[in-house]
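**Student:** Would you mind keeping the following structure in view while I ask a few things?
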Amino acid sequence: MFAAAIEAAQPAHCIAAHLPPEPKGRLIVIGAGKASAEMARAVEQHWRGPLSGLVVTRYGYAVPCEHIEIVEAAHPVPDEAGQLAARRILSLVQGLTADDTVLCLISGGGSALLPLPLDGITLAYKQALNRALLASGATISEMNCVRRHLSAIKGGRLAAACHPARVHTLLISDVPGDQPCDVASGPTVGDASTCADALAIVRRYGIALPPAVAAVLESGQGESVKPDDPRLARCDTRFIATPQMALEAAARVAQAEGFTPFILGDSLEGEARDVGKVLAGIALQVARRDQPFAMPCVLLSGGETTVTVRGDGRGGRNVECLLAMALALQGEPGVHALAGDTDGVDGQEEIAGAFIAPDTLARAWALGIPPQAALDRNDGHGFFQALGDSVVTGPTLTNVNDFRAILITR
């Protein structure tokens, strides 16, 4: 089921039907995200006219292209390679005409991969802020609101720079709710949020800002491009892959194997350990009472949980959710589960996620690993690696957020 979810979001399967008409002028391809290189390759395979461009993806996610340059940079904390790529992308769209079309390929991870701070803000400031937001428990929507108001390229600014060319944006969504402004912080879509909203989020999580960064937000200097801006009048945005599509692909696999699938939601959010407890509670009701679903069945869900870091472990929101689920299930017979990130990276580890079985806790205790202590330390990856239960996919070349499946049998 996990493999099917990833396969459903592969650009090669879903990009051809969404390409723009051939322009009178040039086609410039730009983009950012963990799937952007694979998206670029799919464009080259299906486009019959001339094209050129540049996209930036995560280290290890590049694929060979003939006409579109692929650059790699850091994720989730941005680096200088990403900043240089962002500058080059902005320069590529300067001086375009109304006859030209910009094809923008955006996927999850683009926020960190396109770091171009506003004047007065250094890359070091943005790196520190990114780390603080990642550890704070802020939602992805909240993090991206802050990023949009400190950037010279996000929050519609890239689309504004393309004016008067037509801008055709293809999105692979990794955000709950599939809001275009939240995918890679919306470089080519208008943003209704404000500097005041961003400032409120920073204060809500108690994040200290350097004076230069605070000044940008307090003065309104970082205001993003609004949806009614005339420079966005020729912009077209469409989703080509979403978490819901991935879950439906997984559901078809379950059905074929004789398990009734139930999709609980494609945008579940909250603290990872809390979501794990709730999912365990639903699974227990099914396993013990055949309510609200009859066995054998599969409970599927997606979305993006958060982790408020309190310990010194190796983290991972999917493995934290899964470990909390295992603790709540307490070895319930017939319940197995997998949680993983469809991009192949959970947190900052090159591990997609893990799986649990009825004997997970017993095997951990046999190895002298207290499960609750591992959860308290935010050490999901350490816990599941020690058991040999990690799920390692390598770069998947796509990203439609987290995937969770709970298999319940008699």
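Scheme for the structure tokens: letters A, B, ... for chains in order shown; per-chain residue numbers from 1; ligand numbers from 1 in order shown.
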Would you kindly return, as a short mmCIF file (atom, residue, chain, number, x, y, z; two decimals) with C-alpha atoms, in the first residue's frame, each protein, DNA or RNA residue with an atom no farther than 8 Å from any atom of Gly347 (chain A), considering only C-alpha atoms and excluding same-chain residues fewer than 4 positions away?

**Tutor:**
data_model
loop_
_atom_site.label_atom_id
_atom_site.label_comp_id
_atom_site.auth_asym_id
_atom_site.auth_seq_id
_atom_site.Cartn_x
_atom_site.Cartn_y
_atom_site.Cartn_z
CA GLY A 315 13.11 12.38 15.96
CA GLY A 316 10.81 11.78 13.02
CA ARG A 317 7.11 12.67 13.17
#

**Student:** Pick out the residues sitting within 12 Å of His46 (chain A), and hand them over as JSON, numbers by chain; count only C-alpha atoms, and ignore anything fewer than 5 positions along from it in its own chain.

**Tutor:** {"A": [11, 12, 13, 14, 15, 16, 17, 18, 19, 20, 22, 39, 40, 41, 51]}

**Student:** Next, dump the selected residues to file, keeping only N, CA and C atoms, as a short mmCIF file (atom, residue, chain, number, x, y, z; two decimals), in the first residue's frame.

**Tutor:**
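Final output, out-v5.cif:
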data_model
loop_
_atom_site.label_atom_id
_atom_site.label_comp_id
_atom_site.auth_asym_id
_atom_site.auth_seq_id
_atom_site.Cartn_x
_atom_site.Cartn_y
_atom_site.Cartn_z
N PRO A 11 5.62 11.88 -10.95
CA PRO A 11 5.33 12.84 -12.02
C PRO A 11 5.15 12.20 -13.39
N ALA A 12 5.88 11.11 -13.66
CA ALA A 12 5.78 10.46 -14.97
C ALA A 12 4.36 10.02 -15.28
N HIS A 13 3.56 9.75 -14.23
CA HIS A 13 2.19 9.27 -14.44
C HIS A 13 1.17 10.41 -14.56
N CYS A 14 1.52 11.58 -14.05
CA CYS A 14 0.44 12.57 -13.90
C CYS A 14 0.75 13.95 -14.48
N ILE A 15 1.86 14.12 -15.18
CA ILE A 15 2.20 15.48 -15.63
C ILE A 15 1.75 15.76 -17.06
N ALA A 16 1.71 14.75 -17.92
CA ALA A 16 1.47 14.99 -19.35
C ALA A 16 0.14 15.69 -19.61
N ALA A 17 -0.91 15.32 -18.87
CA ALA A 17 -2.24 15.88 -19.11
C ALA A 17 -2.37 17.32 -18.68
N HIS A 18 -1.37 17.85 -17.99
CA HIS A 18 -1.49 19.19 -17.42
C HIS A 18 -0.49 20.20 -18.00
N LEU A 19 0.18 19.84 -19.07
CA LEU A 19 1.13 20.77 -19.68
C LEU A 19 0.39 21.90 -20.39
N PRO A 20 0.98 23.09 -20.45
CA PRO A 20 0.31 24.23 -21.10
C PRO A 20 0.37 24.12 -22.61
N GLU A 22 1.47 25.19 -26.37
CA GLU A 22 2.77 25.71 -26.82
C GLU A 22 2.66 27.23 -27.05
N MET A 39 9.82 15.88 -11.99
CA MET A 39 8.81 16.60 -12.76
C MET A 39 9.42 17.17 -14.03
N ALA A 40 10.63 17.73 -13.91
CA ALA A 40 11.31 18.30 -15.07
C ALA A 40 11.58 17.22 -16.12
N ARG A 41 12.02 16.05 -15.66
CA ARG A 41 12.28 14.96 -16.60
C ARG A 41 10.99 14.54 -17.32
N LEU A 51 12.58 24.18 -25.15
CA LEU A 51 12.41 24.64 -23.77
C LEU A 51 13.78 24.76 -23.12
#

**Student:** Excluding Cys195 (chain A) and its own-chain neighbours fewer than 4 positions away, which residues fall within 9 Å of it when counting only C-alpha atoms? Please give them as a list of chain:residue names.

**Tutor:**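 In the requested format, the answer is A:Cys145, A:Val146, A:Arg148, A:His149, A:Leu150, A:Leu199, A:Ala200, A:Val216, A:Leu217, A:Glu218, A:Ser219, A:Gly220, A:Gln221, A:Gly222, A:Glu223, A:Ser224.
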
**Student:** Would you save the residues of that selection, restricted to N, CA, C and O atoms, as a CSV table (one decimal), in the first residue's frame?

**Tutor:**
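Now in out_8.csv:
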chain,number,residue,atom,x,y,z
A,145,CYS,N,3.7,30.5,6.5
A,145,CYS,CA,3.3,31.9,6.6
A,145,CYS,C,4.5,32.8,7.0
A,145,CYS,O,4.7,33.9,6.4
A,146,VAL,N,5.2,32.3,7.9
A,146,VAL,CA,6.4,33.1,8.3
A,146,VAL,C,7.4,33.2,7.2
A,146,VAL,O,8.0,34.3,6.9
A,148,ARG,N,6.9,33.1,4.0
A,148,ARG,CA,6.5,33.9,2.9
A,148,ARG,C,6.8,35.4,3.1
A,148,ARG,O,7.0,36.2,2.2
A,149,HIS,N,6.8,35.8,4.4
A,149,HIS,CA,7.0,37.2,4.7
A,149,HIS,C,8.4,37.6,5.0
A,149,HIS,O,8.7,38.8,5.4
A,150,LEU,N,9.3,36.7,4.8
A,150,LEU,CA,10.7,37.0,4.9
A,150,LEU,C,11.5,36.7,3.6
A,150,LEU,O,12.7,36.8,3.6
A,199,LEU,N,4.1,37.6,12.4
A,199,LEU,CA,4.6,38.0,13.7
A,199,LEU,C,3.9,37.3,14.8
A,199,LEU,O,4.5,36.9,15.8
A,200,ALA,N,2.6,37.2,14.7
A,200,ALA,CA,1.8,36.5,15.7
A,200,ALA,C,2.2,35.1,15.9
A,200,ALA,O,2.2,34.6,17.0
A,216,VAL,N,11.5,43.7,9.7
A,216,VAL,CA,10.8,43.4,8.5
A,216,VAL,C,9.4,43.1,8.7
A,216,VAL,O,8.5,43.6,8.0
A,217,LEU,N,9.1,42.4,9.7
A,217,LEU,CA,7.7,42.0,10.0
A,217,LEU,C,6.9,43.1,10.6
A,217,LEU,O,5.7,43.4,10.3
A,218,GLU,N,7.5,43.8,11.6
A,218,GLU,CA,6.8,44.9,12.3
A,218,GLU,C,6.5,46.1,11.4
A,218,GLU,O,5.5,46.8,11.5
A,219,SER,N,7.4,46.3,10.4
A,219,SER,CA,7.2,47.5,9.5
A,219,SER,C,6.3,47.2,8.3
A,219,SER,O,5.9,48.1,7.6
A,220,GLY,N,6.1,45.9,8.1
A,220,GLY,CA,5.3,45.5,6.9
A,220,GLY,C,6.1,45.5,5.6
A,220,GLY,O,5.6,45.2,4.5
A,221,GLN,N,7.4,45.6,5.8
A,221,GLN,CA,8.3,45.5,4.6
A,221,GLN,C,8.2,44.2,3.9
A,221,GLN,O,8.4,44.1,2.7
A,222,GLY,N,7.9,43.1,4.7
A,222,GLY,CA,7.9,41.8,4.1
A,222,GLY,C,6.5,41.4,3.5
A,222,GLY,O,6.3,40.2,3.3
A,223,GLU,N,5.6,42.4,3.3
A,223,GLU,CA,4.3,42.0,2.8
A,223,GLU,C,4.4,41.2,1.5
A,223,GLU,O,5.1,41.6,0.6
A,224,SER,N,3.6,40.2,1.4
A,224,SER,CA,3.6,39.3,0.2
A,224,SER,C,2.7,39.9,-0.9
A,224,SER,O,2.0,40.9,-0.7

**Student:** Need the shell around Val93 (chain A): protein/DNA/RNA residues with any atom at most 8 Å away, counting only C-alpha atoms. Skip same-chain ones fewer than 5 positions apart. Format as a PyMOL selection string?

**Tutor:** chain A and resi 28+102+161-162

**Student:** Rank A:Asp182, A:Asp99, A:Asp229, A:Glu80 by their smallest atom-to-atom distance to Gly25 (chain A), using only C-alpha atoms, and report the top residue only.

**Tutor:** A:Asp99

**Student:** So what do you get for CA of Trp47 (chain A) versus CA of Thr398 (chain A), distance-wise?

**Tutor:** 20.2 Å

**Student:** Determine the nearest neighbour of Gln255 (chain A) from the options A:Ala241, A:Leu268, A:Ile351, A:Met1, counting only C-alpha atoms.

**Tutor:**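 For Gln255 (chain A), the nearest of the given residues is A:Met1.
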
**Student:** For Ile282 (chain A), please output as a PyMOL selection string all residues within 12 Å (counting only C-alpha atoms; exclusion window: fewer than 5 positions along the same chain).

**Tutor:** chain A and resi 262+264+275-277+287-294+298-300+325+328-329+335+406-408

**Student:** Could you write out that same residue set with N, CA, C and O atoms as a compact mmCIF listing (two decimals), in the first residue's frame?

**Tutor:**
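As a result, selection_1.txt now contains:
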# COMPACT_ATOMS: atom_id res chain seq x y z
N PHE A 262 -10.71 2.01 4.66
CA PHE A 262 -11.43 3.20 5.14
C PHE A 262 -10.43 4.35 5.24
O PHE A 262 -9.44 4.24 5.98
N LEU A 264 -9.55 7.66 6.68
CA LEU A 264 -9.97 8.48 7.82
C LEU A 264 -9.77 9.97 7.56
O LEU A 264 -10.36 10.80 8.25
N VAL A 275 -1.83 12.03 17.83
CA VAL A 275 -2.49 11.40 16.70
C VAL A 275 -2.33 9.88 16.79
O VAL A 275 -3.26 9.12 16.53
N GLY A 276 -1.14 9.43 17.20
CA GLY A 276 -0.90 8.00 17.36
C GLY A 276 -1.83 7.37 18.37
O GLY A 276 -2.38 6.27 18.15
N LYS A 277 -2.06 8.05 19.49
CA LYS A 277 -2.98 7.53 20.52
C LYS A 277 -4.41 7.44 19.99
O LYS A 277 -5.13 6.47 20.25
N ALA A 287 -10.85 -3.78 16.55
CA ALA A 287 -10.34 -5.11 16.85
C ALA A 287 -11.18 -5.83 17.90
O ALA A 287 -11.32 -7.06 17.86
N ARG A 288 -11.74 -5.08 18.84
CA ARG A 288 -12.46 -5.72 19.96
C ARG A 288 -13.97 -5.77 19.76
O ARG A 288 -14.64 -6.63 20.33
N ARG A 289 -14.51 -4.85 18.93
CA ARG A 289 -15.97 -4.75 18.85
C ARG A 289 -16.51 -4.67 17.42
O ARG A 289 -17.73 -4.52 17.23
N ASP A 290 -15.61 -4.72 16.44
CA ASP A 290 -16.06 -4.56 15.05
C ASP A 290 -16.82 -3.25 14.86
O ASP A 290 -17.78 -3.16 14.08
N GLN A 291 -16.40 -2.22 15.58
CA GLN A 291 -16.99 -0.88 15.44
C GLN A 291 -15.87 0.16 15.29
O GLN A 291 -14.83 0.02 15.92
N PRO A 292 -16.06 1.20 14.53
CA PRO A 292 -17.18 1.45 13.63
C PRO A 292 -17.06 0.70 12.30
O PRO A 292 -17.90 0.87 11.43
N PHE A 293 -15.98 -0.11 12.16
CA PHE A 293 -15.76 -0.86 10.93
C PHE A 293 -15.58 -2.34 11.26
O PHE A 293 -15.04 -2.68 12.31
N ALA A 294 -16.02 -3.20 10.35
CA ALA A 294 -15.88 -4.64 10.56
C ALA A 294 -14.54 -5.12 10.01
O ALA A 294 -14.06 -4.64 8.98
N VAL A 298 -8.57 -2.02 6.68
CA VAL A 298 -7.38 -1.17 6.72
C VAL A 298 -7.83 0.27 6.96
O VAL A 298 -8.73 0.76 6.26
N LEU A 299 -7.23 0.92 7.94
CA LEU A 299 -7.50 2.33 8.21
C LEU A 299 -6.37 3.16 7.62
O LEU A 299 -5.21 3.02 8.02
N LEU A 300 -6.69 4.01 6.67
CA LEU A 300 -5.69 4.82 5.97
C LEU A 300 -5.84 6.29 6.36
O LEU A 300 -6.95 6.78 6.54
N MET A 325 1.46 5.01 19.06
CA MET A 325 0.41 4.07 18.72
C MET A 325 0.69 2.69 19.32
O MET A 325 -0.20 2.05 19.89
N ALA A 328 -0.03 2.61 22.99
CA ALA A 328 -1.46 2.60 23.28
C ALA A 328 -2.10 1.25 22.95
O ALA A 328 -3.04 0.82 23.61
N LEU A 329 -1.59 0.58 21.92
CA LEU A 329 -2.14 -0.72 21.53
C LEU A 329 -1.76 -1.84 22.49
O LEU A 329 -2.48 -2.82 22.65
N VAL A 335 -3.24 -6.50 15.03
CA VAL A 335 -3.13 -5.11 14.58
C VAL A 335 -1.69 -4.83 14.15
O VAL A 335 -0.76 -4.96 14.95
N ILE A 406 -3.20 1.16 9.04
CA ILE A 406 -3.37 0.22 10.14
C ILE A 406 -4.19 -0.96 9.63
O ILE A 406 -5.33 -0.80 9.20
N LEU A 407 -3.57 -2.14 9.65
CA LEU A 407 -4.19 -3.36 9.17
C LEU A 407 -4.74 -4.12 10.37
O LEU A 407 -4.01 -4.39 11.32
N ILE A 408 -6.04 -4.46 10.32
CA ILE A 408 -6.69 -5.09 11.47
C ILE A 408 -7.34 -6.40 11.02
O ILE A 408 -8.22 -6.40 10.15

**Student:** Please report, as a list in words, each residue of region 46-93 of chain A to which DSSP assigns strand (DSSP E) when run on this structure's backbone.

**Tutor:**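 Those residues are Ser52, Gly53, Leu54, Val55, Val56, Thr57, Arg58, Ile68, Glu69, Ile70, Val71, Glu72 and Ala73 of chain A.
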
**Student:** Calculated over only C-alpha atoms, which of the candidates A:Asp341, A:Tyr205, A:Ile240, A:Asn378 has the smallest distance to Gly394 (chain A)?

**Tutor:** A:Asp341

**Student:** Determine, counting only C-alpha atoms, which protein, DNA and RNA residues have an atom within 8 Å of an atom of Ala337 (chain A); residues of the same chain fewer than 2 positions away are not included. Present the result as a ChimeraX atom specification.

**Tutor:** /A:322,335,339,355-357,404-407
